[in-house]
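Colleague: This is start_11.cif (mmCIF, C-alpha atoms).
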data_final
#
loop_
_atom_site.group_PDB
_atom_site.id
_atom_site.type_symbol
_atom_site.label_atom_id
_atom_site.label_comp_id
_atom_site.auth_asym_id
_atom_site.auth_seq_id
_atom_site.Cartn_x
_atom_site.Cartn_y
_atom_site.Cartn_z
ATOM 1 C CA MET O 173 18.109 6.197 -8.904
ATOM 2 C CA PHE O 174 16.477 3.391 -10.850
ATOM 3 C CA ASP O 175 16.664 5.327 -14.109
ATOM 4 C CA ALA O 176 20.411 5.687 -13.605
ATOM 5 C CA LEU O 177 20.892 2.011 -12.840
ATOM 6 C CA ARG O 178 18.832 0.907 -15.816
ATOM 7 C CA SER O 179 21.261 2.733 -18.094
ATOM 8 C CA ARG O 180 23.895 0.148 -17.249
ATOM 9 C CA PRO O 181 24.222 -2.952 -19.440
ATOM 10 C CA ILE O 182 22.890 -5.247 -16.727
ATOM 11 C CA ARG O 183 19.231 -4.772 -15.911
ATOM 12 C CA LEU O 184 18.464 -3.585 -12.412
ATOM 13 C CA SER O 185 16.254 -6.613 -11.970
ATOM 14 C CA LEU O 186 19.381 -8.792 -12.010
ATOM 15 C CA LEU O 187 21.492 -6.684 -9.683
ATOM 16 C CA ILE O 188 20.370 -7.196 -6.111
ATOM 17 C CA ILE O 189 20.574 -10.259 -3.867
ATOM 18 C CA LEU O 190 20.232 -10.904 -0.158
ATOM 19 C CA SER O 191 22.910 -9.611 2.170
ATOM 20 C CA VAL O 192 25.261 -12.035 3.884
ATOM 21 C CA LEU O 193 23.262 -11.791 7.137
ATOM 22 C CA GLY O 194 21.202 -14.848 8.085
ATOM 23 C CA SER O 195 17.955 -15.029 10.031
ATOM 24 C CA GLY O 196 19.823 -15.666 13.271
ATOM 25 C CA ASP O 197 21.776 -12.441 12.810
ATOM 26 C CA LEU O 198 18.540 -10.517 12.315
ATOM 27 C CA ALA O 199 17.021 -11.870 15.489
ATOM 28 C CA ALA O 200 20.097 -10.821 17.448
ATOM 29 C CA GLN O 201 20.086 -7.210 16.233
ATOM 30 C CA GLU O 202 16.589 -6.633 14.910
ATOM 31 C CA VAL O 203 16.403 -3.061 16.192
ATOM 32 C CA ARG O 204 19.570 -1.923 14.431
ATOM 33 C CA PRO O 205 19.526 -0.019 11.115
ATOM 34 C CA ARG O 206 21.722 -2.669 9.477
ATOM 35 C CA ALA O 207 19.170 -5.347 10.370
ATOM 36 C CA VAL O 208 16.321 -3.301 8.886
ATOM 37 C CA VAL O 209 18.151 -3.148 5.556
ATOM 38 C CA ALA O 210 19.076 -6.840 5.661
ATOM 39 C CA SER O 211 15.504 -7.898 6.441
ATOM 40 C CA PHE O 212 14.187 -5.837 3.552
ATOM 41 C CA GLN O 213 16.735 -7.414 1.229
ATOM 42 C CA ASP O 214 15.553 -10.854 2.343
ATOM 43 C CA THR O 215 12.128 -10.093 0.918
ATOM 44 C CA LEU O 216 13.684 -8.700 -2.242
ATOM 45 C CA LEU O 217 15.624 -11.905 -2.745
ATOM 46 C CA SER O 218 12.623 -14.195 -2.354
ATOM 47 C CA THR O 219 10.672 -11.943 -4.710
ATOM 48 C CA MET O 220 13.421 -12.025 -7.316
ATOM 49 C CA LYS O 221 13.721 -15.800 -7.200
ATOM 50 C CA GLU O 222 9.996 -16.178 -7.851
ATOM 51 C CA ALA O 223 9.643 -13.098 -10.034
ATOM 52 C CA GLU O 224 8.396 -14.847 -13.147
ATOM 53 C CA SER O 225 5.753 -16.936 -11.420
ATOM 54 C CA LEU O 226 4.629 -14.037 -9.239
ATOM 55 C CA GLY O 227 4.272 -11.546 -12.054
ATOM 56 C CA PHE O 228 4.079 -7.834 -11.347
ATOM 57 C CA LYS O 229 0.967 -8.094 -9.174
ATOM 58 C CA GLY O 230 2.450 -10.864 -7.041
ATOM 59 C CA ARG O 231 5.735 -9.011 -6.610
ATOM 60 C CA TYR O 232 3.832 -5.858 -5.615
ATOM 61 C CA GLN O 233 1.767 -7.708 -3.021
ATOM 62 C CA ARG O 234 4.856 -9.312 -1.518
ATOM 63 C CA LEU O 235 6.916 -6.114 -1.426
ATOM 64 C CA LEU O 236 4.168 -3.814 -0.098
ATOM 65 C CA PRO O 237 4.236 -4.976 3.553
ATOM 66 C CA ALA O 238 8.040 -5.220 3.517
ATOM 67 C CA MET O 239 8.391 -1.651 2.287
ATOM 68 C CA GLU O 240 5.771 -0.325 4.692
ATOM 69 C CA LYS O 241 7.769 -1.943 7.492
ATOM 70 C CA ALA O 242 11.236 -0.821 6.346
ATOM 71 C CA PHE O 243 10.528 2.650 4.884
ATOM 72 C CA ASP O 244 8.873 5.718 6.389
ATOM 73 C CA LEU O 245 6.828 6.316 3.258
ATOM 74 C CA GLU O 246 4.623 9.013 4.778
ATOM 75 C CA GLN O 247 7.570 11.109 5.924
ATOM 76 C CA MET O 248 9.283 10.554 2.587
ATOM 77 C CA THR O 249 6.172 11.914 0.863
ATOM 78 C CA ARG O 250 6.259 15.004 3.089
ATOM 79 C CA ILE O 251 9.891 15.584 2.152
ATOM 80 C CA VAL O 252 9.450 15.216 -1.598
ATOM 81 C CA ALA O 253 6.386 17.484 -1.468
ATOM 82 C CA GLY O 254 8.475 20.154 0.296
ATOM 83 C CA GLY O 255 6.763 23.403 1.223
ATOM 84 C CA ASN O 256 3.718 22.382 -0.791
ATOM 85 C CA TRP O 257 2.788 19.788 1.836
ATOM 86 C CA ALA O 258 1.493 22.375 4.315
ATOM 87 C CA LYS O 259 -0.690 23.911 1.604
ATOM 88 C CA MET O 260 -2.575 20.653 1.010
ATOM 89 C CA HIS O 261 -5.793 19.689 2.723
ATOM 90 C CA THR O 262 -5.683 16.531 4.846
ATOM 91 C CA THR O 263 -7.553 14.548 2.200
ATOM 92 C CA GLU O 264 -5.079 15.713 -0.438
ATOM 93 C CA GLN O 265 -2.156 14.745 1.767
ATOM 94 C CA MET O 266 -3.611 11.281 2.275
ATOM 95 C CA GLN O 267 -4.145 10.876 -1.459
ATOM 96 C CA VAL O 268 -0.581 11.914 -2.287
ATOM 97 C CA VAL O 269 0.861 9.600 0.393
ATOM 98 C CA ASP O 270 -1.148 6.698 -1.008
ATOM 99 C CA LEU O 271 -0.054 7.422 -4.569
ATOM 100 C CA PHE O 272 3.592 7.839 -3.538
ATOM 101 C CA ARG O 273 3.437 4.551 -1.609
ATOM 102 C CA GLN O 274 2.037 2.821 -4.678
ATOM 103 C CA PHE O 275 4.678 4.457 -6.864
ATOM 104 C CA SER O 276 7.533 3.398 -4.568
ATOM 105 C CA VAL O 277 6.387 -0.218 -4.305
ATOM 106 C CA SER O 278 5.569 -0.402 -8.024
ATOM 107 C CA THR O 279 9.060 0.838 -8.867
ATOM 108 C CA TYR O 280 10.626 -2.000 -6.887
ATOM 109 C CA ALA O 281 8.123 -4.554 -8.194
ATOM 110 C CA ARG O 282 8.954 -3.589 -11.765
ATOM 111 C CA ALA O 283 12.720 -3.362 -11.224
ATOM 112 C CA PHE O 284 13.345 -6.506 -9.190
ATOM 113 C CA SER O 285 12.051 -8.964 -11.754
ATOM 114 C CA GLY O 286 14.831 -11.555 -11.919
ATOM 115 C CA TYR O 287 17.810 -13.159 -10.220
ATOM 116 C CA ASP O 288 21.193 -14.057 -11.695
ATOM 117 C CA GLY O 289 23.494 -14.611 -8.733
ATOM 118 C CA GLU O 290 24.746 -11.080 -8.082
ATOM 119 C CA GLN O 291 25.603 -10.245 -4.481
ATOM 120 C CA PHE O 292 24.293 -7.542 -2.245
ATOM 121 C CA GLU O 293 26.749 -6.855 0.567
ATOM 122 C CA VAL O 294 25.772 -4.967 3.715
ATOM 123 C CA GLY O 295 28.623 -3.011 5.278
ATOM 124 C CA ASP O 296 28.932 -0.712 8.270
ATOM 125 C CA GLU O 297 26.567 1.593 10.104
ATOM 126 C CA LEU O 298 27.790 5.186 10.100
ATOM 127 C CA ALA O 299 26.142 7.592 12.540
ATOM 128 C CA GLN O 300 25.307 10.977 10.997
ATOM 129 C CA PRO O 301 24.604 13.389 13.909
ATOM 130 C CA GLY O 302 21.369 15.280 13.379
ATOM 131 C CA ILE O 303 20.479 13.252 10.302
ATOM 132 C CA GLY O 304 20.342 9.571 11.187
ATOM 133 C CA THR O 305 22.451 6.528 10.356
ATOM 134 C CA ILE O 306 23.876 5.448 7.015
ATOM 135 C CA VAL O 307 24.017 1.744 6.213
ATOM 136 C CA GLU O 308 26.581 1.093 3.502
ATOM 137 C CA THR O 309 25.812 -1.568 0.896
ATOM 138 C CA ARG O 310 27.324 -2.688 -2.392
ATOM 139 C CA LEU O 311 25.926 -4.395 -5.464
ATOM 140 C CA VAL O 312 28.661 -6.783 -6.564
ATOM 141 C CA LEU O 313 28.232 -7.508 -10.262
ATOM 142 C CA LYS O 314 29.693 -10.248 -12.410
ATOM 143 C CA SER O 315 31.365 -8.113 -15.050
ATOM 144 C CA GLU O 316 31.297 -4.527 -13.764
ATOM 145 C CA PRO O 317 32.659 -2.624 -10.772
ATOM 146 C CA PRO O 318 30.501 -2.753 -7.623
ATOM 147 C CA ILE O 319 27.799 -0.116 -7.209
ATOM 148 C CA LYS O 320 27.309 1.625 -3.877
ATOM 149 C CA LEU O 321 23.731 1.815 -2.625
ATOM 150 C CA ASN O 322 23.675 3.419 0.801
ATOM 151 C CA TYR O 323 20.579 3.726 2.974
ATOM 152 C CA LEU O 324 19.783 6.603 5.322
ATOM 153 C CA LEU O 325 17.709 5.522 8.322
ATOM 154 C CA GLN O 326 16.197 7.541 11.138
ATOM 155 C CA ASP O 327 15.072 6.402 14.573
ATOM 156 C CA THR O 328 11.295 6.968 14.622
ATOM 157 C CA PRO O 329 8.639 6.088 17.222
ATOM 158 C CA ALA O 330 8.025 2.963 15.112
ATOM 159 C CA GLY O 331 11.726 2.031 15.094
ATOM 160 C CA TRP O 332 14.500 2.560 12.558
ATOM 161 C CA LYS O 333 13.082 3.450 9.144
ATOM 162 C CA ILE O 334 14.706 3.959 5.752
ATOM 163 C CA MET O 335 14.340 7.583 4.652
ATOM 164 C CA ASP O 336 16.527 7.738 1.549
ATOM 165 C CA VAL O 337 18.712 5.678 -0.778
ATOM 166 C CA TYR O 338 21.958 7.027 -2.270
ATOM 167 C CA LEU O 339 23.153 5.736 -5.633
ATOM 168 C CA ASP O 340 26.948 5.512 -5.858
ATOM 169 C CA GLY O 341 26.941 6.561 -2.213
ATOM 170 C CA THR O 342 26.067 10.193 -2.940
ATOM 171 C CA ILE O 343 23.079 10.610 -5.300
ATOM 172 C CA SER O 344 19.943 11.045 -3.196
ATOM 173 C CA GLU O 345 16.826 9.417 -4.601
ATOM 174 C CA LEU O 346 14.669 11.535 -2.294
ATOM 175 C CA ALA O 347 16.285 14.783 -3.460
ATOM 176 C CA ARG O 348 15.780 13.767 -7.086
ATOM 177 C CA ARG O 349 12.115 13.019 -6.495
ATOM 178 C CA ARG O 350 11.662 16.257 -4.573
ATOM 179 C CA GLY O 351 13.059 18.218 -7.495
ATOM 180 C CA GLU O 352 10.777 16.406 -9.917
ATOM 181 C CA PHE O 353 7.690 16.894 -7.757
ATOM 182 C CA ALA O 354 8.445 20.563 -7.074
ATOM 183 C CA SER O 355 8.737 21.224 -10.789
ATOM 184 C CA ILE O 356 5.435 19.515 -11.536
ATOM 185 C CA ILE O 357 3.609 21.355 -8.723
ATOM 186 C CA HIS O 358 5.102 24.700 -9.791
ATOM 187 C CA ASN O 359 4.029 24.239 -13.400
ATOM 188 C CA GLN O 360 0.825 22.233 -13.043
ATOM 189 C CA GLY O 361 -0.227 22.491 -9.403
ATOM 190 C CA LEU O 362 -1.267 19.693 -7.090
ATOM 191 C CA THR O 363 -3.577 18.329 -9.765
ATOM 192 C CA GLY O 364 -0.565 17.867 -12.009
ATOM 193 C CA LEU O 365 1.335 15.954 -9.328
ATOM 194 C CA ILE O 366 -1.579 13.623 -8.677
ATOM 195 C CA ALA O 367 -2.001 13.048 -12.412
ATOM 196 C CA LEU O 368 1.727 12.333 -12.794
ATOM 197 C CA LEU O 369 1.758 9.763 -9.991
ATOM 198 C CA LYS O 370 -1.332 8.034 -11.359
ATOM 199 C CA LYS O 371 0.261 7.910 -14.804
ATOM 200 C CA LYS O 372 3.531 6.510 -13.504
ATOM 201 C CA ASN O 373 1.735 3.888 -11.385
ATOM 202 C CA LYS O 374 -0.306 2.770 -14.371
ATOM 203 C CA GLU O 375 2.809 2.528 -16.556
ATOM 204 C CA LEU O 376 4.721 0.540 -13.944
ATOM 205 C CA ALA O 377 1.848 -1.888 -13.433
ATOM 206 C CA GLY O 378 1.324 -2.514 -17.127
ATOM 207 C CA GLY O 379 4.745 -1.874 -18.624
#
Taking this structure as input, can you express it in the form of structure tokens?
Modeller:
Amino acid sequence: MFDALRSRPIRLSLLIILSVLGSGDLAAQEVRPRAVVASFQDTLLSTMKEAESLGFKGRYQRLLPAMEKAFDLEQMTRIVAGGNWAKMHTTEQMQVVDLFRQFSVSTYARAFSGYDGEQFEVGDELAQPGIGTIVETRLVLKSEPPIKLNYLLQDTPAGWKIMDVYLDGTISELARRRGEFASIIHNQGLTGLIALLKKKNKELAGG
């Protein structure tokens, strides 16, 4: 998803801003999927506004708890690992979850590195029977058509959690990662996947 967005003239770090929901709205509907997305965007906005002073490390530290609260990162790791997940030992699973968590947060910390007044609009909740609920959002840019970024959330024992993000409303980030991970595991095994995630995390932190 982020690779696709970065190909546009405007850097991803300048694209996303807080939704139109205020803190009072969140308190009134805090258990709803739409509120989960809006709350997460609140943290993104504050991070973007202080991006330069925070630096990568500061942005990572601020986004980590917000993403752990909004996303089901462990389940997302299981999905992108596919059938290979059951073949891993518990210690290997824990290591991959930790590396994927770091990769996910690092990707946001690297991407959301500025603010230039763009708008992030949160739209409707659309129930998807057997799958979850889609929360529609749009990135409203200054000089380009809006970009759809829709979130898929599922109702978990810990509440509504983001499971996937769809670029242009249809391109699944989770499916893209699953394809990438499956290819690496097929060609290089679990060791290759762990090495890839470590490499990507190092590049994101120092790039």
Colleague: Could you tell me which residues the PyMOL selection byres ((chain O and resi 328-333) around 6) grabs in this file, written as a PDB file with C-alpha atoms, keeping the file's coordinate frame?
Modeller:
ATOM      1  CA  PRO O 205      19.526  -0.019  11.115  1.00  0.00           C
ATOM      2  CA  ALA O 242      11.236  -0.821   6.346  1.00  0.00           C
ATOM      3  CA  PHE O 243      10.528   2.650   4.884  1.00  0.00           C
ATOM      4  CA  ASP O 244       8.873   5.718   6.389  1.00  0.00           C
ATOM      5  CA  LEU O 325      17.709   5.522   8.322  1.00  0.00           C
ATOM      6  CA  GLN O 326      16.197   7.541  11.138  1.00  0.00           C
ATOM      7  CA  ASP O 327      15.072   6.402  14.573  1.00  0.00           C
ATOM      8  CA  ILE O 334      14.706   3.959   5.752  1.00  0.00           C
TER       9      ILE O 334
END
Colleague: Using only C-alpha atoms, pick whichever of O:Leu313, O:Val269, O:Leu362, O:Ala299 has the shortest atom-to-atom distance to Glu240 of chain O.
Modeller: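 The shortest atom-to-atom distance to Glu240 of chain O comes from O:Val269.
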Colleague: Could you check the closest approach to Gly364 of chain O for each of O:Leu217, O:Pro317, O:Glu345, O:Glu352 and tell me which residue wins, using only C-alpha atoms?
Modeller: O:Glu352
Colleague: Evaluate the PyMOL selection byres ((chain O and resi 347) around 10) and record the selected residues as a short mmCIF file (atom, residue, chain, number, x, y, z; two decimals) with C-alpha atoms, in the coordinates of the input, following the chain and residue labels used in the document.
Modeller:
data_model
loop_
_atom_site.label_atom_id
_atom_site.label_comp_id
_atom_site.auth_asym_id
_atom_site.auth_seq_id
_atom_site.Cartn_x
_atom_site.Cartn_y
_atom_site.Cartn_z
CA ILE O 251 9.89 15.58 2.15
CA VAL O 252 9.45 15.22 -1.60
CA ASP O 336 16.53 7.74 1.55
CA VAL O 337 18.71 5.68 -0.78
CA TYR O 338 21.96 7.03 -2.27
CA ILE O 343 23.08 10.61 -5.30
CA SER O 344 19.94 11.04 -3.20
CA GLU O 345 16.83 9.42 -4.60
CA LEU O 346 14.67 11.54 -2.29
CA ARG O 348 15.78 13.77 -7.09
CA ARG O 349 12.12 13.02 -6.50
CA ARG O 350 11.66 16.26 -4.57
CA GLY O 351 13.06 18.22 -7.50
CA GLU O 352 10.78 16.41 -9.92
CA PHE O 353 7.69 16.89 -7.76
#
Colleague: Could you check the closest approach to Val307 of chain O for each of O:Leu324, O:Phe292, O:Gly227, O:Asn373 and tell me which residue wins, using all atoms listed in the file?
Modeller: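 Smallest distance to Val307 of chain O is found for O:Leu324.
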Colleague: Taking (14.3, -13.5, -6.9) as a centre in this file's frame and 6 Å as the limit, can you find every polymer residue with an atom that close, using all atoms listed in the file, and give them as a JSON list (two decimals) with C-alpha atoms, keeping the file's coordinate frame?
Modeller:
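Generated file (part15.json):
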[["chain", "number", "residue", "atom", "x", "y", "z"],
["O", 217, "LEU", "CA", 15.62, -11.90, -2.74],
["O", 218, "SER", "CA", 12.62, -14.20, -2.35],
["O", 219, "THR", "CA", 10.67, -11.94, -4.71],
["O", 220, "MET", "CA", 13.42, -12.02, -7.32],
["O", 221, "LYS", "CA", 13.72, -15.80, -7.20],
["O", 222, "GLU", "CA", 10.00, -16.18, -7.85],
["O", 223, "ALA", "CA", 9.64, -13.10, -10.03],
["O", 286, "GLY", "CA", 14.83, -11.56, -11.92],
["O", 287, "TYR", "CA", 17.81, -13.16, -10.22]]
Colleague: For Asn322 of chain O, please output as a compact mmCIF listing (two decimals) with C-alpha atoms, keeping the file's coordinate frame all residues within 8 Å (counting all atoms listed in the file; exclusion window: fewer than 5 positions along the same chain).
Modeller:
# COMPACT_ATOMS: atom_id res chain seq x y z
CA ILE O 306 23.88 5.45 7.02
CA VAL O 307 24.02 1.74 6.21
CA GLU O 308 26.58 1.09 3.50
CA THR O 309 25.81 -1.57 0.90
CA ARG O 310 27.32 -2.69 -2.39
CA VAL O 337 18.71 5.68 -0.78
CA TYR O 338 21.96 7.03 -2.27
CA LEU O 339 23.15 5.74 -5.63
CA ASP O 340 26.95 5.51 -5.86
CA GLY O 341 26.94 6.56 -2.21
Colleague: Taking into account only C-alpha atoms, which residue in the set O:Leu369, O:Ile356, O:Ala281, O:Met335 is nearest to Gly230 of chain O?
Modeller: O:Ala281
Colleague: Specify as an mmCIF file with C-alpha atoms, keeping the file's coordinate frame each residue included when the PyMOL selection byres ((chain O and resi 236) around 10) is applied to this file.
Modeller:
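Output contents, as saved in out23.cif:
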data_model
loop_
_atom_site.group_PDB
_atom_site.id
_atom_site.type_symbol
_atom_site.label_atom_id
_atom_site.label_comp_id
_atom_site.auth_asym_id
_atom_site.auth_seq_id
_atom_site.Cartn_x
_atom_site.Cartn_y
_atom_site.Cartn_z
ATOM 1 C CA ARG O 231 5.735 -9.011 -6.610
ATOM 2 C CA TYR O 232 3.832 -5.858 -5.615
ATOM 3 C CA GLN O 233 1.767 -7.708 -3.021
ATOM 4 C CA ARG O 234 4.856 -9.312 -1.518
ATOM 5 C CA LEU O 235 6.916 -6.114 -1.426
ATOM 6 C CA PRO O 237 4.236 -4.976 3.553
ATOM 7 C CA ALA O 238 8.040 -5.220 3.517
ATOM 8 C CA MET O 239 8.391 -1.651 2.287
ATOM 9 C CA GLU O 240 5.771 -0.325 4.692
ATOM 10 C CA LYS O 241 7.769 -1.943 7.492
ATOM 11 C CA ARG O 273 3.437 4.551 -1.609
ATOM 12 C CA GLN O 274 2.037 2.821 -4.678
ATOM 13 C CA SER O 276 7.533 3.398 -4.568
ATOM 14 C CA VAL O 277 6.387 -0.218 -4.305
ATOM 15 C CA SER O 278 5.569 -0.402 -8.024
ATOM 16 C CA TYR O 280 10.626 -2.000 -6.887
ATOM 17 C CA ALA O 281 8.123 -4.554 -8.194
#
Colleague: Name the closest residue to Lys320 of chain O among the candidates O:Pro301, O:Ala258, O:Asn359, O:Gly295; distances are taken between atoms, counting all atoms listed in the file.
Modeller: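 Of all the options, O:Gly295 lies closest to Lys320 of chain O.
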Colleague: Smallest atom-to-atom distance to Phe272 of chain O: which of O:Glu224, O:Asp296, O:Glu290, O:Glu246, using all atoms listed in the file?
Modeller: O:Glu246
Colleague: Could you check how far atom CA of Arg206 of chain O sits from atom CA of Thr305 of chain O, in Å to one decimal?
Modeller: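 Between atom CA of Arg206 of chain O and atom CA of Thr305 of chain O the gap is 9.3 Å.
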